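Asks: Just data.pdb, nothing more (PDB, C-alpha atoms, pLDDT in the B column):
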```
ATOM      1  CA  MET O 178     -34.471 -13.166  51.084  1.00 48.00           C
ATOM      2  CA  LYS O 179     -35.451 -13.306  47.407  1.00 59.00           C
ATOM      3  CA  ASN O 180     -35.719  -9.494  47.248  1.00 66.00           C
ATOM      4  CA  LEU O 181     -32.229  -9.127  48.765  1.00 68.00           C
ATOM      5  CA  ASN O 182     -30.740 -11.501  46.164  1.00 84.00           C
ATOM      6  CA  ARG O 183     -32.647  -9.682  43.421  1.00 83.00           C
ATOM      7  CA  ALA O 184     -31.319  -6.306  44.572  1.00 85.00           C
ATOM      8  CA  THR O 185     -27.757  -7.609  44.886  1.00 90.00           C
ATOM      9  CA  GLU O 186     -27.943  -9.239  41.475  1.00 92.00           C
ATOM     10  CA  PHE O 187     -29.218  -6.041  39.902  1.00 93.00           C
ATOM     11  CA  ALA O 188     -26.606  -3.909  41.705  1.00 92.00           C
ATOM     12  CA  THR O 189     -23.865  -6.129  40.296  1.00 94.00           C
ATOM     13  CA  PHE O 190     -25.332  -5.828  36.800  1.00 94.00           C
ATOM     14  CA  TYR O 191     -25.645  -2.050  37.140  1.00 94.00           C
ATOM     15  CA  GLU O 192     -22.082  -1.540  38.391  1.00 94.00           C
ATOM     16  CA  SER O 193     -20.596  -3.686  35.642  1.00 94.00           C
ATOM     17  CA  THR O 194     -22.521  -2.061  32.769  1.00 93.00           C
ATOM     18  CA  LYS O 195     -23.349   1.550  33.686  1.00 91.00           C
ATOM     19  CA  ASP O 196     -20.261   3.261  32.215  1.00 90.00           C
ATOM     20  CA  SER O 197     -20.288   1.439  28.901  1.00 88.00           C
ATOM     21  CA  VAL O 198     -24.064   1.852  28.557  1.00 89.00           C
ATOM     22  CA  PHE O 199     -23.757   5.595  29.169  1.00 90.00           C
ATOM     23  CA  ARG O 200     -20.995   5.995  26.586  1.00 86.00           C
ATOM     24  CA  ALA O 201     -22.950   3.958  24.041  1.00 85.00           C
ATOM     25  CA  VAL O 202     -26.112   6.034  24.525  1.00 84.00           C
ATOM     26  CA  LEU O 203     -24.145   9.276  24.460  1.00 82.00           C
ATOM     27  CA  LEU O 204     -22.465   8.421  21.176  1.00 79.00           C
ATOM     28  CA  ALA O 205     -25.444   6.687  19.604  1.00 75.00           C
ATOM     29  CA  ARG O 206     -27.763   9.631  20.144  1.00 65.00           C
ATOM     30  CA  ALA O 207     -25.110  12.389  20.043  1.00 53.00           C
ATOM     31  CA  GLY O 208     -26.935  14.575  22.500  1.00 59.00           C
ATOM     32  CA  GLU O 209     -26.187  16.344  25.725  1.00 69.00           C
ATOM     33  CA  PHE O 210     -24.493  14.531  28.564  1.00 77.00           C
ATOM     34  CA  ASP O 211     -27.325  15.393  30.937  1.00 77.00           C
ATOM     35  CA  SER O 212     -29.951  14.011  28.559  1.00 79.00           C
ATOM     36  CA  ALA O 213     -27.971  10.817  28.081  1.00 82.00           C
ATOM     37  CA  GLU O 214     -27.643  10.454  31.858  1.00 86.00           C
ATOM     38  CA  ASP O 215     -31.393  10.927  32.288  1.00 85.00           C
ATOM     39  CA  ALA O 216     -32.167   8.379  29.586  1.00 87.00           C
ATOM     40  CA  VAL O 217     -29.772   5.814  31.075  1.00 91.00           C
ATOM     41  CA  ALA O 218     -31.164   6.375  34.580  1.00 91.00           C
ATOM     42  CA  GLU O 219     -34.707   5.856  33.285  1.00 91.00           C
ATOM     43  CA  ALA O 220     -33.643   2.690  31.487  1.00 92.00           C
ATOM     44  CA  TYR O 221     -31.980   1.246  34.594  1.00 94.00           C
ATOM     45  CA  GLU O 222     -35.056   2.095  36.657  1.00 92.00           C
ATOM     46  CA  LYS O 223     -37.223   0.164  34.195  1.00 93.00           C
ATOM     47  CA  ALA O 224     -34.696  -2.660  34.208  1.00 94.00           C
ATOM     48  CA  PHE O 225     -34.840  -2.888  37.991  1.00 94.00           C
ATOM     49  CA  LEU O 226     -38.621  -2.955  37.989  1.00 92.00           C
ATOM     50  CA  GLN O 227     -38.586  -5.769  35.417  1.00 92.00           C
ATOM     51  CA  TRP O 228     -35.445  -7.501  36.678  1.00 93.00           C
ATOM     52  CA  ASP O 229     -37.105 -10.901  37.174  1.00 90.00           C
ATOM     53  CA  LYS O 230     -38.097 -11.000  33.484  1.00 92.00           C
ATOM     54  CA  LEU O 231     -34.935  -9.293  32.292  1.00 91.00           C
ATOM     55  CA  THR O 232     -32.655 -11.945  33.802  1.00 90.00           C
ATOM     56  CA  THR O 233     -33.969 -14.364  31.176  1.00 91.00           C
ATOM     57  CA  HIS O 234     -33.363 -11.892  28.329  1.00 90.00           C
ATOM     58  CA  PRO O 235     -30.525 -12.998  26.003  1.00 89.00           C
ATOM     59  CA  ASN O 236     -28.732  -9.654  26.449  1.00 90.00           C
ATOM     60  CA  PRO O 237     -29.933  -7.448  29.331  1.00 93.00           C
ATOM     61  CA  THR O 238     -27.295  -4.797  28.518  1.00 91.00           C
ATOM     62  CA  ALA O 239     -28.670  -4.439  24.991  1.00 88.00           C
ATOM     63  CA  TRP O 240     -32.168  -4.133  26.446  1.00 92.00           C
ATOM     64  CA  VAL O 241     -31.056  -1.277  28.723  1.00 92.00           C
ATOM     65  CA  ILE O 242     -29.314   0.502  25.832  1.00 89.00           C
ATOM     66  CA  ARG O 243     -32.333   0.178  23.551  1.00 87.00           C
ATOM     67  CA  THR O 244     -34.621   1.396  26.339  1.00 90.00           C
ATOM     68  CA  ALA O 245     -32.344   4.381  27.022  1.00 88.00           C
ATOM     69  CA  ILE O 246     -32.146   5.256  23.331  1.00 84.00           C
ATOM     70  CA  ASN O 247     -35.929   5.026  23.035  1.00 83.00           C
ATOM     71  CA  HIS O 248     -36.324   7.237  26.101  1.00 81.00           C
ATOM     72  CA  ARG O 249     -33.836   9.736  24.657  1.00 72.00           C
ATOM     73  CA  ILE O 250     -35.800   9.817  21.395  1.00 70.00           C
ATOM     74  CA  SER O 251     -39.012  10.480  23.329  1.00 70.00           C
ATOM     75  CA  MET O 252     -37.329  13.296  25.269  1.00 65.00           C
ATOM     76  CA  TRP O 253     -36.022  14.767  22.023  1.00 58.00           C
ATOM     77  CA  ARG O 254     -39.469  14.690  20.441  1.00 61.00           C
ATOM     78  CA  ARG O 255     -40.905  16.578  23.393  1.00 60.00           C
ATOM     79  CA  GLN O 256     -38.188  19.219  23.127  1.00 57.00           C
ATOM     80  CA  ARG O 257     -38.015  19.242  19.330  1.00 52.00           C
ATOM     81  CA  ARG O 258     -38.604  22.958  18.993  1.00 46.00           C
ATOM     82  CA  LYS O 259     -35.897  23.787  21.489  1.00 48.00           C
ATOM     83  CA  PRO O 260     -32.427  23.751  19.845  1.00 43.00           C
ATOM     84  CA  MET O 261     -30.094  21.057  21.174  1.00 43.00           C
ATOM     85  CA  GLU O 262     -27.006  22.446  22.859  1.00 46.00           C
ATOM     86  CA  VAL O 263     -23.983  20.169  22.698  1.00 45.00           C
ATOM     87  CA  LYS O 264     -21.631  20.623  25.600  1.00 47.00           C
ATOM     88  CA  ASP O 265     -17.900  20.094  25.383  1.00 45.00           C
ATOM     89  CA  ALA O 266     -16.204  17.144  26.991  1.00 44.00           C
ATOM     90  CA  THR O 267     -16.346  18.378  30.597  1.00 48.00           C
ATOM     91  CA  HIS O 268     -18.397  15.451  31.881  1.00 49.00           C
ATOM     92  CA  PRO O 269     -16.493  12.776  33.891  1.00 51.00           C
ATOM     93  CA  GLN O 270     -17.476  10.031  31.414  1.00 50.00           C
ATOM     94  CA  ALA O 271     -16.142  12.088  28.520  1.00 48.00           C
ATOM     95  CA  GLU O 272     -12.607  12.076  29.912  1.00 54.00           C
ATOM     96  CA  ARG O 273     -12.141   8.623  28.392  1.00 62.00           C
ATOM     97  CA  LEU O 274     -13.213   9.794  24.937  1.00 64.00           C
ATOM     98  CA  ASP O 275     -11.264  12.120  22.673  1.00 71.00           C
ATOM     99  CA  PRO O 276     -13.312  15.322  22.154  1.00 77.00           C
ATOM    100  CA  ALA O 277     -12.249  15.500  18.495  1.00 75.00           C
ATOM    101  CA  LEU O 278     -13.470  11.950  17.957  1.00 76.00           C
ATOM    102  CA  ILE O 279     -16.759  12.736  19.696  1.00 78.00           C
ATOM    103  CA  ARG O 280     -17.268  15.687  17.326  1.00 80.00           C
ATOM    104  CA  LEU O 281     -16.608  13.462  14.303  1.00 83.00           C
ATOM    105  CA  ILE O 282     -18.986  10.787  15.581  1.00 83.00           C
ATOM    106  CA  ARG O 283     -21.699  13.400  16.192  1.00 83.00           C
ATOM    107  CA  GLU O 284     -21.535  14.284  12.496  1.00 86.00           C
ATOM    108  CA  LEU O 285     -22.351  10.699  11.465  1.00 88.00           C
ATOM    109  CA  PRO O 286     -25.943   9.736  10.654  1.00 89.00           C
ATOM    110  CA  LYS O 287     -27.933   8.271  13.557  1.00 86.00           C
ATOM    111  CA  GLY O 288     -27.783   4.653  12.355  1.00 88.00           C
ATOM    112  CA  GLN O 289     -24.022   4.769  11.941  1.00 90.00           C
ATOM    113  CA  ARG O 290     -23.552   6.332  15.395  1.00 89.00           C
ATOM    114  CA  GLU O 291     -25.707   3.674  17.043  1.00 86.00           C
ATOM    115  CA  VAL O 292     -23.930   0.780  15.344  1.00 89.00           C
ATOM    116  CA  LEU O 293     -20.499   2.271  16.035  1.00 87.00           C
ATOM    117  CA  ALA O 294     -21.317   2.746  19.704  1.00 84.00           C
ATOM    118  CA  LEU O 295     -22.541  -0.805  20.175  1.00 84.00           C
ATOM    119  CA  ARG O 296     -20.038  -2.657  17.973  1.00 86.00           C
ATOM    120  CA  VAL O 297     -16.902  -0.707  18.890  1.00 82.00           C
ATOM    121  CA  LEU O 298     -17.538   0.777  22.309  1.00 77.00           C
ATOM    122  CA  LEU O 299     -19.407  -2.156  23.847  1.00 78.00           C
ATOM    123  CA  ASP O 300     -17.843  -4.851  21.656  1.00 80.00           C
ATOM    124  CA  PHE O 301     -21.251  -6.305  20.799  1.00 84.00           C
ATOM    125  CA  SER O 302     -21.327  -8.911  18.053  1.00 87.00           C
ATOM    126  CA  THR O 303     -23.093  -8.131  14.796  1.00 89.00           C
ATOM    127  CA  GLU O 304     -25.995 -10.293  15.936  1.00 88.00           C
ATOM    128  CA  GLN O 305     -26.239  -8.601  19.352  1.00 84.00           C
ATOM    129  CA  THR O 306     -26.102  -5.157  17.743  1.00 86.00           C
ATOM    130  CA  ALA O 307     -28.816  -6.060  15.249  1.00 87.00           C
ATOM    131  CA  GLN O 308     -30.988  -7.394  18.049  1.00 85.00           C
ATOM    132  CA  ALA O 309     -30.440  -4.317  20.237  1.00 82.00           C
ATOM    133  CA  LEU O 310     -31.285  -1.904  17.426  1.00 83.00           C
ATOM    134  CA  GLY O 311     -34.049  -3.979  15.868  1.00 85.00           C
ATOM    135  CA  VAL O 312     -32.384  -4.158  12.443  1.00 88.00           C
ATOM    136  CA  LYS O 313     -30.936  -6.883  10.221  1.00 93.00           C
ATOM    137  CA  GLN O 314     -27.334  -8.032  10.586  1.00 92.00           C
ATOM    138  CA  GLY O 315     -26.585  -6.841   7.042  1.00 93.00           C
ATOM    139  CA  THR O 316     -27.697  -3.355   8.049  1.00 93.00           C
ATOM    140  CA  VAL O 317     -25.321  -3.426  11.015  1.00 91.00           C
ATOM    141  CA  LYS O 318     -22.407  -4.435   8.766  1.00 92.00           C
ATOM    142  CA  LYS O 319     -23.239  -1.777   6.183  1.00 94.00           C
ATOM    143  CA  GLN O 320     -23.669   0.996   8.790  1.00 92.00           C
ATOM    144  CA  LEU O 321     -20.416   0.060  10.557  1.00 91.00           C
ATOM    145  CA  HIS O 322     -18.522  -0.003   7.251  1.00 92.00           C
ATOM    146  CA  ARG O 323     -19.854   3.433   6.290  1.00 91.00           C
ATOM    147  CA  ALA O 324     -19.150   4.901   9.724  1.00 89.00           C
ATOM    148  CA  LEU O 325     -15.567   3.662   9.758  1.00 89.00           C
ATOM    149  CA  GLN O 326     -15.057   4.783   6.179  1.00 90.00           C
ATOM    150  CA  SER O 327     -16.269   8.272   7.051  1.00 88.00           C
ATOM    151  CA  LEU O 328     -14.117   8.478  10.186  1.00 85.00           C
ATOM    152  CA  ARG O 329     -11.051   7.289   8.250  1.00 85.00           C
ATOM    153  CA  LEU O 330     -11.641   9.932   5.598  1.00 83.00           C
ATOM    154  CA  HIS O 331     -11.888  12.684   8.220  1.00 78.00           C
ATOM    155  CA  LEU O 332      -8.793  11.449  10.059  1.00 74.00           C
ATOM    156  CA  VAL O 333      -6.705  11.156   6.872  1.00 67.00           C
ATOM    157  CA  THR O 334      -7.821  14.628   5.765  1.00 63.00           C
ATOM    158  CA  HIS O 335      -6.966  16.016   9.229  1.00 55.00           C
ATOM    159  CA  GLU O 336      -3.513  14.348   9.190  1.00 52.00           C
ATOM    160  CA  ALA O 337      -2.822  15.682   5.686  1.00 46.00           C
ATOM    161  CA  LYS O 338      -3.698  19.217   6.811  1.00 52.00           C
ATOM    162  CA  GLU O 339      -1.276  18.930   9.735  1.00 52.00           C
ATOM    163  CA  VAL O 340       1.541  17.760   7.456  1.00 45.00           C
ATOM    164  CA  TRP O 341       1.085  20.716   5.076  1.00 47.00           C
ATOM    165  CA  GLN O 342       0.853  23.367   7.783  1.00 49.00           C
TER     166      GLN O 342
END
```
Kindly transcribe the structure held in the file into structure tokens.
Replies:
Amino acid sequence: MKNLNRATEFATFYESTKDSVFRAVLLARAGEFDSAEDAVAEAYEKAFLQWDKLTTHPNPTAWVIRTAINHRISMWRRQRRKPMEVKDATHPQAERLDPALIRLIRELPKGQREVLALRVLLDFSTEQTAQALGVKQGTVKKQLHRALQSLRLHLVTHEAKEVWQ
């Protein structure tokens, strides 16, 4: 009976977090959709295997994201010599994200992408984001400020170009 409750509990967690975790990993690591899917699947597999311990974690969603990001980094290191191909927004999850915005986010430095994905996309607090990424809260604030500043600059420049054309 305990295994059935465990599986049901995990299934509920998975269903309620899978989409937002995927989008966060996709934006944070700015890679291919397939690679992000693989990393998220690996992270959820590890989460299921450790579910008894993970239920006591202060933020299991953050744990899954961090695990997926770490897995994605490991995959990238193994394929480092192979150039990364970035696919356009043809993936079902990408339909909810503006392709132009995705391109702008991909141009941000890694730390800014990760913070932006967690703070904005998943609505994590500064503390939760810092914990998930293993950085200080001040770093989260600084990275978010810089990311938003950069995105604003690109959007204002883009709007100005449209006005003058």
Asks: Which residues are near stretch 225-239 of chain O? Cut-off 12 Å, all atoms listed in the file, ignore same chain within fewer than 3 positions. Put them as JSON, numbers by chain.
Replies: {"O": [179, 180, 182, 183, 184, 185, 186, 187, 188, 189, 190, 191, 192, 193, 194, 195, 196, 197, 198, 199, 201, 202, 217, 218, 219, 220, 221, 222, 242, 243, 244, 245, 246, 291, 292, 294, 295, 296, 299, 300, 301, 302, 304, 305, 306, 307, 308, 309, 310, 311]}
Asks: Let me make sure I understand: among O:Ala224, O:Leu204, O:Val297, O:Ala277, which one has the smallest atom-to-atom distance to O:Leu332 if we use all atoms listed in the file?
Replies: O:Ala277
Asks: Report, in Å with one decimal, the straight-line distance from atom CA of O:Pro276 to atom CA of O:Leu328.
Replies: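 Here the two named atoms are 13.8 Å from each other.
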Asks: With 6 Å as the threshold, what does the neighbourhood of (-32.7, 9.7, 25.9) contain in terms of residues, counting only C-alpha atoms? Coordinates are those of the file; answer as a VMD selection string.
Replies: chain O and resid 212 to 213 216 245 to 246 248 to 250 252
Asks: Could you please determine the separation between atom CA of O:Arg283 and atom CA of O:Glu214 in Å, to one decimal place?
Replies: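 Taking atom CA of O:Arg283 as the start and atom CA of O:Glu214 as the end point, the length is 17.0 Å.
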Asks: Counting only C-alpha atoms, which residue out of O:Ala205, O:Leu293, O:Leu330, O:Leu298 sits closest to O:Val317?
Replies: O:Leu293
Asks: Any idea what's packed within 8 Å of O:Ala324, counting only C-alpha atoms, ignoring anything in its chain fewer than 3 positions away? Could you give it as a PDB file with C-alpha atoms, in the frame of the given file?
Replies:
```pdb
ATOM      1  CA  LEU O 285     -22.351  10.699  11.465  1.00 88.00           C
ATOM      2  CA  GLN O 289     -24.022   4.769  11.941  1.00 90.00           C
ATOM      3  CA  ARG O 290     -23.552   6.332  15.395  1.00 89.00           C
ATOM      4  CA  LEU O 293     -20.499   2.271  16.035  1.00 87.00           C
ATOM      5  CA  GLN O 320     -23.669   0.996   8.790  1.00 92.00           C
ATOM      6  CA  LEU O 321     -20.416   0.060  10.557  1.00 91.00           C
ATOM      7  CA  SER O 327     -16.269   8.272   7.051  1.00 88.00           C
ATOM      8  CA  LEU O 328     -14.117   8.478  10.186  1.00 85.00           C
TER       9      LEU O 328
END
```
Asks: Using Å and a single decimal, report how far atom CA of O:Phe210 sits from atom CA of O:Pro286.
Replies: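 Distance reported for this atom pair: 18.6 Å.
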Asks: Determine the nearest neighbour of O:Arg329 from the options O:Asp211, O:Ile282, O:Lys223, O:Leu203, counting only C-alpha atoms.
Replies: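 Selected residue with least distance to O:Arg329: O:Ile282.
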